[in-house]
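Shown below: start.txt, with compact mmCIF, C-alpha atoms.
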```txt
# COMPACT_ATOMS: atom_id res chain seq x y z
CA MET A 1 123.43 0.22 162.27
CA TRP A 2 123.64 1.73 158.77
CA THR A 3 126.93 2.89 157.31
CA ILE A 4 127.96 4.27 153.94
CA LEU A 5 130.89 2.69 152.13
CA ASN A 6 132.85 4.00 149.16
CA TYR A 7 133.87 1.08 146.94
CA LYS A 8 135.95 0.31 143.86
CA LYS A 9 133.55 -0.42 141.02
CA LYS A 10 135.63 -3.29 139.65
CA ASN A 11 135.69 -5.08 143.01
CA LEU A 12 132.07 -4.71 144.14
CA ASN A 13 131.30 -8.45 144.14
CA THR A 14 134.53 -9.20 146.00
CA LEU A 15 133.72 -6.52 148.59
CA ILE A 16 130.22 -7.91 149.19
CA ARG A 17 131.53 -11.47 149.53
CA GLU A 18 134.27 -10.38 151.97
CA LEU A 19 131.83 -8.35 154.07
CA GLN A 20 129.43 -11.31 154.23
CA ASN A 21 132.26 -13.55 155.43
CA LYS A 22 133.25 -11.07 158.16
CA THR A 23 129.68 -10.47 159.35
CA ASP A 24 128.30 -14.01 159.44
CA LYS A 25 126.18 -13.48 156.30
CA ASP A 26 123.64 -11.40 158.26
CA LEU A 27 124.30 -8.31 156.16
CA GLU A 28 122.04 -5.97 154.22
CA ILE A 29 123.53 -4.08 151.28
CA TYR A 30 121.53 -1.53 149.33
CA ILE A 31 122.61 0.20 146.13
CA PRO A 32 119.84 2.38 144.63
CA LYS A 33 119.83 2.19 140.81
CA ILE A 34 118.02 3.98 138.02
CA LYS A 35 117.50 2.84 134.45
CA LEU A 36 118.24 5.52 131.87
CA GLN A 37 117.25 5.55 128.22
CA ILE A 38 120.15 6.92 126.20
CA TYR A 39 120.08 7.80 122.52
CA LYS A 40 123.22 7.15 120.52
CA LYS A 41 123.28 7.46 116.74
CA LYS A 42 119.47 7.65 116.66
CA LYS A 43 119.11 4.36 118.56
CA ALA A 44 117.76 3.99 122.07
CA PHE A 45 119.73 2.04 124.66
CA PHE A 46 118.99 1.35 128.31
CA LYS A 47 121.73 1.80 130.87
CA GLU A 48 121.75 0.96 134.59
CA VAL A 49 123.28 3.70 136.72
CA ASN A 50 123.93 3.71 140.45
CA LEU A 51 122.11 6.67 141.96
CA MET A 52 124.87 7.24 144.52
CA GLY A 53 127.83 6.68 142.18
CA ASP A 54 130.38 4.43 143.89
CA TYR A 55 128.76 4.49 147.34
CA LEU A 56 126.59 1.83 148.94
CA PHE A 57 124.52 1.52 152.09
CA CYS A 58 125.38 -1.31 154.44
CA TYR A 59 123.48 -2.47 157.53
CA HIS A 60 124.69 -4.85 160.22
CA ARG A 61 124.54 -4.89 164.00
CA LYS A 62 128.37 -5.17 164.26
CA PHE A 63 128.74 -1.63 162.89
CA GLN A 64 127.79 -0.34 166.35
CA ASP A 65 131.18 -1.57 167.59
CA LYS A 66 133.96 0.92 166.79
CA ASN A 67 136.57 -1.87 166.75
CA PHE A 68 134.75 -3.64 163.91
CA TYR A 69 135.89 -0.91 161.52
CA ASN A 70 139.49 -1.96 162.08
CA VAL A 71 138.46 -5.45 160.92
CA ILE A 72 136.88 -4.29 157.64
CA ARG A 73 139.04 -1.23 156.92
CA TYR A 74 141.39 -3.09 154.59
CA THR A 75 138.79 -5.24 152.86
CA LYS A 76 139.51 -5.70 149.17
CA GLY A 77 137.40 -3.32 147.07
CA LEU A 78 136.74 -0.82 149.88
CA LYS A 79 138.01 2.73 149.35
CA CYS A 80 136.77 4.25 152.61
CA ILE A 81 134.05 4.31 155.23
CA LEU A 82 132.27 7.64 155.56
CA ASN A 83 132.47 9.32 158.95
CA GLY A 84 129.50 10.75 160.81
CA TYR A 85 127.15 7.85 160.17
CA GLU A 86 126.50 7.41 163.93
CA ASN A 87 124.75 10.77 164.18
CA ALA A 88 122.84 10.41 160.89
CA GLN A 89 121.16 7.04 161.41
CA LYS A 90 117.63 8.44 161.20
CA GLU A 91 118.39 10.33 157.94
CA ILE A 92 120.13 7.34 156.36
CA GLN A 93 117.27 5.03 157.31
CA ASN A 94 114.68 7.50 155.95
CA PHE A 95 116.60 7.87 152.66
CA VAL A 96 116.96 4.11 152.18
CA LEU A 97 113.25 3.63 152.96
CA HIS A 98 112.31 6.43 150.50
CA CYS A 99 114.46 4.78 147.79
CA LYS A 100 112.95 1.35 148.42
CA ASN A 101 109.42 2.77 148.32
CA SER A 102 110.20 4.50 145.01
CA GLU A 103 111.40 1.31 143.29
CA ASN A 104 109.42 -0.26 140.48
CA ASP A 105 108.90 -4.01 139.97
CA ASN A 106 112.38 -4.42 138.43
CA GLY A 107 114.16 -2.83 141.41
CA PHE A 108 114.97 0.51 139.76
CA ILE A 109 114.14 3.93 141.18
CA SER A 110 111.00 5.17 139.44
CA LYS A 111 109.76 8.59 138.46
CA ASN A 112 108.02 9.24 141.78
CA PHE A 113 111.35 9.52 143.64
CA TYR A 114 111.41 13.31 143.42
CA ASP A 115 108.63 15.56 144.63
CA LEU A 116 107.48 17.87 141.85
CA VAL A 117 107.46 21.60 142.60
CA LEU A 118 105.87 24.11 140.23
CA ASN A 119 108.11 26.78 138.66
CA SER A 120 111.25 24.79 139.51
CA ASN A 121 114.03 23.77 137.13
CA TYR A 122 114.60 20.12 136.27
CA ARG A 123 116.90 18.15 133.97
CA PHE A 124 115.91 15.14 131.87
CA ASN A 125 117.87 11.98 132.74
CA SER A 126 116.38 9.83 129.98
CA GLY A 127 114.43 10.05 126.77
CA PRO A 128 114.94 12.18 123.68
CA PHE A 129 115.59 15.35 125.71
CA ILE A 130 118.36 13.85 127.84
CA HIS A 131 120.47 16.46 129.71
CA LYS A 132 118.12 19.29 128.65
CA ILE A 133 116.94 21.69 131.34
CA PHE A 134 113.30 22.71 131.62
CA LYS A 135 110.95 24.58 133.91
CA LEU A 136 107.88 22.82 135.29
CA ILE A 137 104.76 24.87 134.54
CA ASP A 138 101.92 22.47 135.38
CA PHE A 139 101.44 18.80 136.12
CA GLN A 140 98.50 16.48 135.77
CA ARG A 141 98.06 12.85 136.63
CA ASN A 142 100.07 11.29 133.77
CA SER A 143 101.74 14.26 132.10
CA ILE A 144 103.58 17.47 132.86
CA LYS A 145 103.61 20.78 131.06
CA ILE A 146 107.12 22.18 130.72
CA LEU A 147 108.88 25.21 129.33
CA MET A 148 112.11 24.58 127.39
CA GLY A 149 113.49 27.85 126.16
CA ASN A 150 110.58 29.57 124.42
CA PHE A 151 108.66 26.35 123.76
CA SER A 152 105.87 24.96 125.88
CA LEU A 153 105.57 21.15 125.74
CA VAL A 154 103.44 18.44 127.30
CA VAL A 155 105.47 15.35 128.24
CA LYS A 156 104.36 12.04 129.74
CA LYS A 157 105.70 11.31 133.22
CA ASP A 158 105.94 7.57 132.62
CA THR A 159 108.37 7.65 129.72
CA ASN A 160 110.83 10.26 131.03
CA LEU A 161 113.02 10.39 134.10
CA PHE A 162 114.09 13.79 135.41
CA SER A 163 115.76 15.25 138.47
CA PRO A 164 115.68 18.68 140.13
CA ILE A 165 118.46 21.20 139.66
CA ASN A 166 119.58 23.10 142.73
```

Would you put the structure from the file into structure tokens?
Amino acid sequence: MWTILNYKKKNLNTLIRELQNKTDKDLEIYIPKIKLQIYKKKKAFFKEVNLMGDYLFCYHRKFQDKNFYNVIRYTKGLKCILNGYENAQKEIQNFVLHCKNSENDNGFISKNFYDLVLNSNYRFNSGPFIHKIFKLIDFQRNSIKILMGNFSLVVKKDTNLFSPIN
């Protein structure tokens, strides 16, 4: 059964080791990550960012037992266990599967994670236009045509990572 755990970033390795000890090493932990290109002082740097912040997905058969949560509740590095996971198993499993299918060879979420919708607003997460908002006008196989302010641009999909704005 899948569950979602909120963890302390400094103690992630300790939390994983403790959970493996308490679950007989038959544990699956998934943390979706993206790789962002950040420009600082006209130099490009790559930074790994957890897609879910300080949350991780954890799968083990012992999570079906309600009493098991009393065993792991005070594990070092664990902030809390999210409630409602029992009713959302299908959604959690579909999200984890979608993330894993969207990973590239290095294990990072790739550009095909989000479905592109015409005339929707997006924000750049990497590249020279980081944090800039644009409107998607048209998309082809390898590039997209966007509208930023009054300017119409053609940008390659491969070199830029962007996410939808609600």

(request) Measure the distance from atom CA of Val117 of chain A to atom CA of Ile4 of chain A in Å and round it to one decimal. (result) 29.1 Å

(message) Calculated over all atoms listed in the file, which of the candidates A:Ser102, A:Ser110, A:Gln89, A:Thr159 has the smallest distance to Phe129 of chain A?
(response) A:Thr159

(request) Please identify all polymer residues lying at most 9 Å from the point (103.3, 20.2, 129.1) (file coordinates), using all atoms listed in the file, and present the result as a ChimeraX atom specification. (result) /A:136-139,143-147,152-156

(message) What's the separation between atom CA of Asp115 of chain A and atom CA of Met148 of chain A, in Å to one decimal place?
(response) 19.8 Å

Within 10 Å of segment 37-39 of chain A, counting only C-alpha atoms, which residues show up once you throw out same-chain ones fewer than 5 positions away? Write them as a compact mmCIF listing (two decimals) with C-alpha atoms, in the frame of the given file, please.
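What follows is the written file result.txt:
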```txt
# COMPACT_ATOMS: atom_id res chain seq x y z
CA ALA A 44 117.76 3.99 122.07
CA PHE A 45 119.73 2.04 124.66
CA PHE A 46 118.99 1.35 128.31
CA LYS A 47 121.73 1.80 130.87
CA GLU A 48 121.75 0.96 134.59
CA ASN A 125 117.87 11.98 132.74
CA SER A 126 116.38 9.83 129.98
CA GLY A 127 114.43 10.05 126.77
CA PRO A 128 114.94 12.18 123.68
CA PHE A 129 115.59 15.35 125.71
CA ILE A 130 118.36 13.85 127.84
CA THR A 159 108.37 7.65 129.72
CA ASN A 160 110.83 10.26 131.03
CA LEU A 161 113.02 10.39 134.10
```

(request) Measuring atom to atom with all atoms listed in the file, identify which of A:Glu103, A:Leu27, A:Arg141, A:Lys8 is nearest to Tyr59 of chain A. (result)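 Closest candidate: A:Leu27.
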
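Using all atoms listed in the file, the shortest contact distance between Asp26 of chain A and any of A:Asn50, A:His60, A:Ile109, A:Asn83 is found at A:His60.
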
Name all residues at most 10 Å from Gly107 of chain A (count all atoms listed in the file; drop same-chain ones fewer than 3 positions away) and give them as an mmCIF file with C-alpha atoms, in the coordinates of the input.
```
data_model
loop_
_atom_site.group_PDB
_atom_site.id
_atom_site.type_symbol
_atom_site.label_atom_id
_atom_site.label_comp_id
_atom_site.auth_asym_id
_atom_site.auth_seq_id
_atom_site.Cartn_x
_atom_site.Cartn_y
_atom_site.Cartn_z
ATOM 1 C CA PRO A 32 119.840 2.380 144.630
ATOM 2 C CA LYS A 33 119.830 2.190 140.810
ATOM 3 C CA ILE A 34 118.020 3.980 138.020
ATOM 4 C CA LYS A 35 117.500 2.840 134.450
ATOM 5 C CA CYS A 99 114.460 4.780 147.790
ATOM 6 C CA LYS A 100 112.950 1.350 148.420
ATOM 7 C CA SER A 102 110.200 4.500 145.010
ATOM 8 C CA GLU A 103 111.400 1.310 143.290
ATOM 9 C CA ASN A 104 109.420 -0.260 140.480
ATOM 10 C CA SER A 110 111.000 5.170 139.440
#
```

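Between atom CA of Gly77 of chain A and atom CA of Thr14 of chain A the interatomic distance comes to 6.6 Å.
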
(message) Taking all atoms listed in the file into account, name the residue in A:Leu19, A:Phe124, A:Leu5, A:Lys66 that is nearest to Leu82 of chain A.
(response) A:Leu5

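Summary of the local environment: counting only C-alpha atoms, residues at most 10 Å from Lys9 of chain A, other than itself and those fewer than 4 positions away along its chain, are Asn13, Leu15, Gly53, Asp54, Tyr55, Gly77, Leu78 and Lys79 of chain A.
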
Once you have the residues from the selection above, write them out as a short mmCIF file (atom, residue, chain, number, x, y, z; two decimals), keeping the file's coordinate frame, restricted to C-alpha atoms.
```cif
data_model
loop_
_atom_site.label_atom_id
_atom_site.label_comp_id
_atom_site.auth_asym_id
_atom_site.auth_seq_id
_atom_site.Cartn_x
_atom_site.Cartn_y
_atom_site.Cartn_z
CA ASN A 13 131.30 -8.45 144.14
CA LEU A 15 133.72 -6.52 148.59
CA GLY A 53 127.83 6.68 142.18
CA ASP A 54 130.38 4.43 143.89
CA TYR A 55 128.76 4.49 147.34
CA GLY A 77 137.40 -3.32 147.07
CA LEU A 78 136.74 -0.82 149.88
CA LYS A 79 138.01 2.73 149.35
#
```

(message) Between A:Cys80, A:Leu116, A:Leu51, A:Phe162, which residue has the minimum interatomic distance to Gln140 of chain A, considering all atoms listed in the file?
(response) A:Leu116

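With all atoms listed in the file as the atoms that count, the minimum distance from Asp24 of chain A to the choices A:Leu36, A:Lys132, A:Tyr7, A:Lys62 is reached by A:Lys62.
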
Quick one: axis-aligned box around all listed atoms of segment 94-106 of chain A, 4 Å on every side, centre and edge lengths in Å to one decimal, written as JSON.
```
{"center_x": 112.9, "center_y": 1.7, "center_z": 147.2, "size_x": 16.1, "size_y": 20.3, "size_z": 25.5}
```

(message) Quick one: residues within 9 Å of Glu18 of chain A, all atoms listed in the file, excluding same-chain residues fewer than 5 positions away - as a VMD selection string?
(response) chain A and resid 13 23 72 75 to 76
